[in-house]
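J.: One structure, as structure tokens, below. Some questions next.
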Amino acid sequence: MADVTAAPAQKRSSITGGRRAGDSVFLGLSTTAAVSIMVILAGVAIFLILKGLPAITASWAEGDLAGYQNKAWANFWDYVGPLLWGSIWAALIAMVLGTPVAIGIALFISHYAPRRIAGFLGYIIDLLAAVPSIVFGLWGIIVMRPLLLPFAQFLNEYLGWIPLFQGPVSSTGSTMLAGGVVLAVMILPIVTSITREIFLQTPRLHEEAALALGATRWEMVRLAVIPYARSGMVSATLLGLGRALGETMAIALIVSPSLIYSVALLTDGYNSQTIAANIALNFPIATDLQRSALIGTGLMLFVVSLAVNMLARYIIAATGPGAKGRKRGKRS
């Protein structure tokens, strides 16, 4: 009789106190996935360092690196500087042009559009993420370059006193402006999708409370939705920045670049080259040491991407929903 009563107790203890086989398997798979991400990241970093180190430490005044890409570089840092600037500059242009549009689309889908239109428009935006980069590049060449030529002439004629719009206006449209517009379209799906989901997660009670106090719909969005979604909007923006930093084919096809520091948006041949496009264009014809130099520039882009992600985490921690509580806890 004691054995019969002890069996259910043992079963209950095994369920509540012990760990089921499924839980153990799931824990193992989750841990393996998390560790594998760190291992892959470390492996990529080690590969870039080992492959790029010969060019980073080499003498650029002689050998295969002497006069590389038709310029006499003093060292690796002299070479990577314009490329790093070009990557950051092109990404910033894309963010300035694309982020407000993406957030506006996300807000329209989540709070203004009728349900049927919102679903269809959200599907179209998400579909843009599946379009290959080469297609965006061809669209930029055939459509955007000629379309932006009159606008470039207008900017140069009336705003030419601003350094951004100075210089001889391109007759082909192979400008950083065209490249930035295409990059802005390419980051729309990422920023819009994440921001839209964050907007939809705003507590309904917050929105209804704002409306009950007499706020208009825009005031409700400004007072309830945007403060709640601020950290998510920052995350979406910086993810779009990462996409823009690493973009290759669109910039390689559209922009006519040089290895210089430049902020010009309307010129042809006086635009800063990006790291990703430079690697794609020169890697097949490079010697071993020149390939090492290209991989070294990829290492610099890798470092910048890590810095962007660290900045994103810091901003999210500082502006997220629990940031005020953490600050109060530290003060007390």
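Chain lettering (A, B, ...) mirrors the order of the structure tokens, residue numbering begins at 1 for each chain separately, and ligand numbering begins at 1 in order of display.
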Which of region 27-189 of chain A end up as helix (DSSP H, G or I) when DSSP is run on this backbone - answer as an MDAnalysis selection string?
T.: chainID A and resid 27:57 63:65 68:70 76:112 115:128 133:159 163:165 176:189
J.: Using only C-alpha atoms for the distances, tell me which of A:Trp139, A:Val303, A:Arg145, A:Ile93 is nearest to Ile49 (chain A).
T.: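 Checking each candidate against Ile49 (chain A), we get A:Val303 as the closest.
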J.: Which neighbours of region 234-241 of chain A fall inside 9 Å, counting only C-alpha atoms, when residues of the same chain fewer than 4 positions from it are skipped, and could you give them as a PyMOL selection string?
T.: chain A and resi 91-92+94-95+99+184+186-195+229-230+245-246+305+308-309+311-313+315-316
J.: Got time to write the residues from that selection, C-alpha atoms, as a short mmCIF file (atom, residue, chain, number, x, y, z; two decimals), in the first residue's frame?
T.:
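Result written to part_14.cif:
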```cif
data_model
loop_
_atom_site.label_atom_id
_atom_site.label_comp_id
_atom_site.auth_asym_id
_atom_site.auth_seq_id
_atom_site.Cartn_x
_atom_site.Cartn_y
_atom_site.Cartn_z
CA ALA A 91 25.36 55.13 -45.09
CA LEU A 92 24.61 58.48 -43.41
CA ALA A 94 20.86 56.75 -46.83
CA MET A 95 19.81 57.07 -43.19
CA THR A 99 14.71 56.76 -41.91
CA ALA A 184 17.64 54.60 -48.64
CA MET A 186 17.09 49.32 -49.64
CA ILE A 187 16.92 50.00 -45.90
CA LEU A 188 13.18 50.76 -45.96
CA PRO A 189 12.02 47.14 -45.36
CA ILE A 190 14.25 46.67 -42.31
CA VAL A 191 13.46 49.95 -40.58
CA THR A 192 9.77 49.90 -41.51
CA SER A 193 9.08 46.31 -40.44
CA ILE A 194 10.74 46.57 -37.03
CA THR A 195 9.31 50.02 -36.29
CA ALA A 229 8.69 52.84 -29.15
CA ARG A 230 11.76 55.09 -28.92
CA LEU A 245 27.38 50.11 -44.40
CA GLY A 246 27.78 46.66 -45.90
CA SER A 305 29.82 47.49 -37.51
CA VAL A 308 27.51 50.63 -34.30
CA ASN A 309 25.91 47.66 -32.54
CA LEU A 311 26.26 52.11 -29.61
CA ALA A 312 22.78 50.75 -30.36
CA ARG A 313 22.78 48.65 -27.19
CA ILE A 315 21.20 53.89 -26.55
CA ILE A 316 18.54 51.22 -26.01
#
```
J.: Please identify all polymer residues within 9 Å of Trp89 (chain A), counting only C-alpha atoms, omitting same-chain residues fewer than 6 positions from it, and present them as JSON, numbers by chain.
T.: {"A": [262, 263, 272, 274]}
J.: If we count only C-alpha atoms and set the cut-off at 9 Å, which residues sit around Val182 (chain A), ignoring sequence neighbours fewer than 3 positions away in its own chain? Please answer as a PyMOL selection string.
T.: chain A and resi 94+136-137+139-140+144+177-179+185-187+250-251+254
J.: Go ahead and save the residues from that selection, with N, CA and C atoms, as a CSV table (one decimal), in the first residue's frame.
T.:
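Saved the output as out_15.csv:
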```csv
chain,number,residue,atom,x,y,z
A,94,ALA,N,22.0,57.7,-46.8
A,94,ALA,CA,20.9,56.7,-46.8
A,94,ALA,C,20.0,56.9,-45.6
A,136,PHE,N,18.4,46.4,-57.4
A,136,PHE,CA,18.4,47.7,-57.0
A,136,PHE,C,19.4,48.6,-57.7
A,137,GLY,N,20.6,48.0,-57.9
A,137,GLY,CA,21.6,48.7,-58.7
A,137,GLY,C,21.2,49.0,-60.1
A,139,TRP,N,18.2,49.2,-61.2
A,139,TRP,CA,17.1,50.2,-61.1
A,139,TRP,C,17.7,51.6,-60.9
A,140,GLY,N,18.7,51.7,-60.1
A,140,GLY,CA,19.4,53.0,-59.9
A,140,GLY,C,20.0,53.5,-61.1
A,144,MET,N,16.9,55.9,-61.6
A,144,MET,CA,17.2,57.0,-60.6
A,144,MET,C,18.3,58.0,-61.2
A,177,LEU,N,24.6,61.1,-54.5
A,177,LEU,CA,23.2,61.3,-54.3
A,177,LEU,C,22.3,60.2,-54.8
A,178,ALA,N,22.6,59.7,-56.0
A,178,ALA,CA,21.9,58.6,-56.6
A,178,ALA,C,22.1,57.3,-55.8
A,179,GLY,N,23.4,57.1,-55.4
A,179,GLY,CA,23.7,56.0,-54.6
A,179,GLY,C,23.0,56.0,-53.2
A,185,VAL,N,16.2,53.4,-50.2
A,185,VAL,CA,15.1,52.5,-50.5
A,185,VAL,C,15.4,51.1,-50.0
A,186,MET,N,16.7,50.7,-50.1
A,186,MET,CA,17.1,49.3,-49.6
A,186,MET,C,16.9,49.1,-48.1
A,187,ILE,N,17.1,50.2,-47.3
A,187,ILE,CA,16.9,50.0,-45.9
A,187,ILE,C,15.5,50.1,-45.4
A,250,ALA,N,25.0,47.7,-55.3
A,250,ALA,CA,24.3,48.9,-55.7
A,250,ALA,C,25.3,50.1,-55.8
A,251,ILE,N,26.1,50.3,-54.8
A,251,ILE,CA,27.1,51.4,-54.9
A,251,ILE,C,28.1,51.2,-56.0
A,254,ILE,N,26.4,52.1,-59.3
A,254,ILE,CA,25.8,53.4,-59.5
A,254,ILE,C,26.9,54.5,-59.4
```
J.: Under the rule that only C-alpha atoms are counted, which of A:Ile125, A:Leu266, A:Leu107, A:Leu138 is the nearest residue to Trp218 (chain A)?
T.: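 Closest candidate: A:Leu107.
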J.: Between A:Val35, A:Leu211, A:Val80, A:Glu197, single out the one closest to Ser110 (chain A), counting only C-alpha atoms.
T.: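 Closest candidate: A:Glu197.
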J.: With only C-alpha atoms as the counted atoms, please give the residues lying no more than 9 Å from Ile275 (chain A), apart from itself and same-chain residues fewer than 2 positions off, as number ranges by chain.
T.: A: 80, 82-87, 245-246, 248, 273, 277-280, 294, 297-298, 300-301
J.: Could you write out the selected residues, including N, CA, C and O atoms, as a PDB file, in the first residue's frame?
T.:
```pdb
ATOM      1  N   VAL A  80      43.123  53.116 -46.104  1.00  0.00           N
ATOM      2  CA  VAL A  80      41.790  52.749 -45.635  1.00  0.00           C
ATOM      3  C   VAL A  80      40.969  53.965 -45.203  1.00  0.00           C
ATOM      4  O   VAL A  80      39.731  53.902 -45.166  1.00  0.00           O
ATOM      5  N   PRO A  82      40.143  57.017 -46.652  1.00  0.00           N
ATOM      6  CA  PRO A  82      39.074  57.462 -47.581  1.00  0.00           C
ATOM      7  C   PRO A  82      37.981  56.435 -47.778  1.00  0.00           C
ATOM      8  O   PRO A  82      36.810  56.791 -47.949  1.00  0.00           O
ATOM      9  N   LEU A  83      38.352  55.155 -47.771  1.00  0.00           N
ATOM     10  CA  LEU A  83      37.345  54.109 -47.936  1.00  0.00           C
ATOM     11  C   LEU A  83      36.397  54.059 -46.746  1.00  0.00           C
ATOM     12  O   LEU A  83      35.178  53.908 -46.914  1.00  0.00           O
ATOM     13  N   LEU A  84      36.958  54.187 -45.559  1.00  0.00           N
ATOM     14  CA  LEU A  84      36.124  54.176 -44.362  1.00  0.00           C
ATOM     15  C   LEU A  84      35.195  55.389 -44.345  1.00  0.00           C
ATOM     16  O   LEU A  84      34.013  55.281 -44.003  1.00  0.00           O
ATOM     17  N   TRP A  85      35.733  56.532 -44.749  1.00  0.00           N
ATOM     18  CA  TRP A  85      34.893  57.732 -44.823  1.00  0.00           C
ATOM     19  C   TRP A  85      33.785  57.553 -45.861  1.00  0.00           C
ATOM     20  O   TRP A  85      32.630  57.927 -45.610  1.00  0.00           O
ATOM     21  N   GLY A  86      34.112  56.998 -47.013  1.00  0.00           N
ATOM     22  CA  GLY A  86      33.098  56.800 -48.042  1.00  0.00           C
ATOM     23  C   GLY A  86      31.980  55.879 -47.582  1.00  0.00           C
ATOM     24  O   GLY A  86      30.795  56.134 -47.860  1.00  0.00           O
ATOM     25  N   SER A  87      32.324  54.807 -46.857  1.00  0.00           N
ATOM     26  CA  SER A  87      31.301  53.883 -46.361  1.00  0.00           C
ATOM     27  C   SER A  87      30.378  54.578 -45.375  1.00  0.00           C
ATOM     28  O   SER A  87      29.143  54.448 -45.447  1.00  0.00           O
ATOM     29  N   LEU A 245      25.931  50.168 -44.470  1.00  0.00           N
ATOM     30  CA  LEU A 245      27.384  50.110 -44.396  1.00  0.00           C
ATOM     31  C   LEU A 245      27.951  48.948 -45.209  1.00  0.00           C
ATOM     32  O   LEU A 245      29.018  49.068 -45.816  1.00  0.00           O
ATOM     33  N   GLY A 246      27.260  47.833 -45.217  1.00  0.00           N
ATOM     34  CA  GLY A 246      27.779  46.656 -45.897  1.00  0.00           C
ATOM     35  C   GLY A 246      27.326  46.479 -47.327  1.00  0.00           C
ATOM     36  O   GLY A 246      27.679  45.480 -47.963  1.00  0.00           O
ATOM     37  N   THR A 248      27.104  46.490 -51.265  1.00  0.00           N
ATOM     38  CA  THR A 248      28.193  46.369 -52.228  1.00  0.00           C
ATOM     39  C   THR A 248      27.768  46.729 -53.644  1.00  0.00           C
ATOM     40  O   THR A 248      28.204  47.711 -54.220  1.00  0.00           O
ATOM     41  N   GLN A 273      34.833  56.398 -52.358  1.00  0.00           N
ATOM     42  CA  GLN A 273      34.523  54.987 -52.549  1.00  0.00           C
ATOM     43  C   GLN A 273      34.192  54.338 -51.213  1.00  0.00           C
ATOM     44  O   GLN A 273      34.677  54.765 -50.166  1.00  0.00           O
ATOM     45  N   ALA A 277      32.197  48.123 -51.834  1.00  0.00           N
ATOM     46  CA  ALA A 277      32.270  48.224 -53.285  1.00  0.00           C
ATOM     47  C   ALA A 277      33.706  48.113 -53.771  1.00  0.00           C
ATOM     48  O   ALA A 277      33.974  47.500 -54.814  1.00  0.00           O
ATOM     49  N   ASN A 278      34.646  48.670 -53.045  1.00  0.00           N
ATOM     50  CA  ASN A 278      36.052  48.585 -53.433  1.00  0.00           C
ATOM     51  C   ASN A 278      36.548  47.150 -53.413  1.00  0.00           C
ATOM     52  O   ASN A 278      37.293  46.719 -54.302  1.00  0.00           O
ATOM     53  N   ILE A 279      36.134  46.375 -52.414  1.00  0.00           N
ATOM     54  CA  ILE A 279      36.521  44.963 -52.354  1.00  0.00           C
ATOM     55  C   ILE A 279      35.925  44.195 -53.532  1.00  0.00           C
ATOM     56  O   ILE A 279      36.598  43.397 -54.184  1.00  0.00           O
ATOM     57  N   ALA A 280      34.653  44.433 -53.811  1.00  0.00           N
ATOM     58  CA  ALA A 280      33.993  43.708 -54.897  1.00  0.00           C
ATOM     59  C   ALA A 280      34.625  44.009 -56.253  1.00  0.00           C
ATOM     60  O   ALA A 280      34.752  43.115 -57.103  1.00  0.00           O
ATOM     61  N   LEU A 294      42.834  44.434 -49.104  1.00  0.00           N
ATOM     62  CA  LEU A 294      41.379  44.511 -49.200  1.00  0.00           C
ATOM     63  C   LEU A 294      40.713  43.847 -47.997  1.00  0.00           C
ATOM     64  O   LEU A 294      39.716  44.349 -47.466  1.00  0.00           O
ATOM     65  N   THR A 297      40.838  46.153 -45.100  1.00  0.00           N
ATOM     66  CA  THR A 297      39.763  47.151 -45.102  1.00  0.00           C
ATOM     67  C   THR A 297      38.447  46.536 -44.630  1.00  0.00           C
ATOM     68  O   THR A 297      37.646  47.200 -43.962  1.00  0.00           O
ATOM     69  N   GLY A 298      38.233  45.260 -44.977  1.00  0.00           N
ATOM     70  CA  GLY A 298      37.052  44.565 -44.460  1.00  0.00           C
ATOM     71  C   GLY A 298      37.085  44.445 -42.941  1.00  0.00           C
ATOM     72  O   GLY A 298      36.042  44.527 -42.283  1.00  0.00           O
ATOM     73  N   MET A 300      38.375  46.677 -40.957  1.00  0.00           N
ATOM     74  CA  MET A 300      37.968  47.995 -40.443  1.00  0.00           C
ATOM     75  C   MET A 300      36.446  48.161 -40.494  1.00  0.00           C
ATOM     76  O   MET A 300      35.842  48.709 -39.574  1.00  0.00           O
ATOM     77  N   LEU A 301      35.830  47.656 -41.563  1.00  0.00           N
ATOM     78  CA  LEU A 301      34.364  47.729 -41.653  1.00  0.00           C
ATOM     79  C   LEU A 301      33.720  46.854 -40.584  1.00  0.00           C
ATOM     80  O   LEU A 301      32.679  47.211 -40.013  1.00  0.00           O
TER      81      LEU A 301
END
```
J.: Skip Thr57 (chain A) itself and residues of its chain fewer than 5 positions away, then list as an NGL selection string all residues within 9 Å of it, counting only C-alpha atoms.
T.: :A and (52 or 75-76)
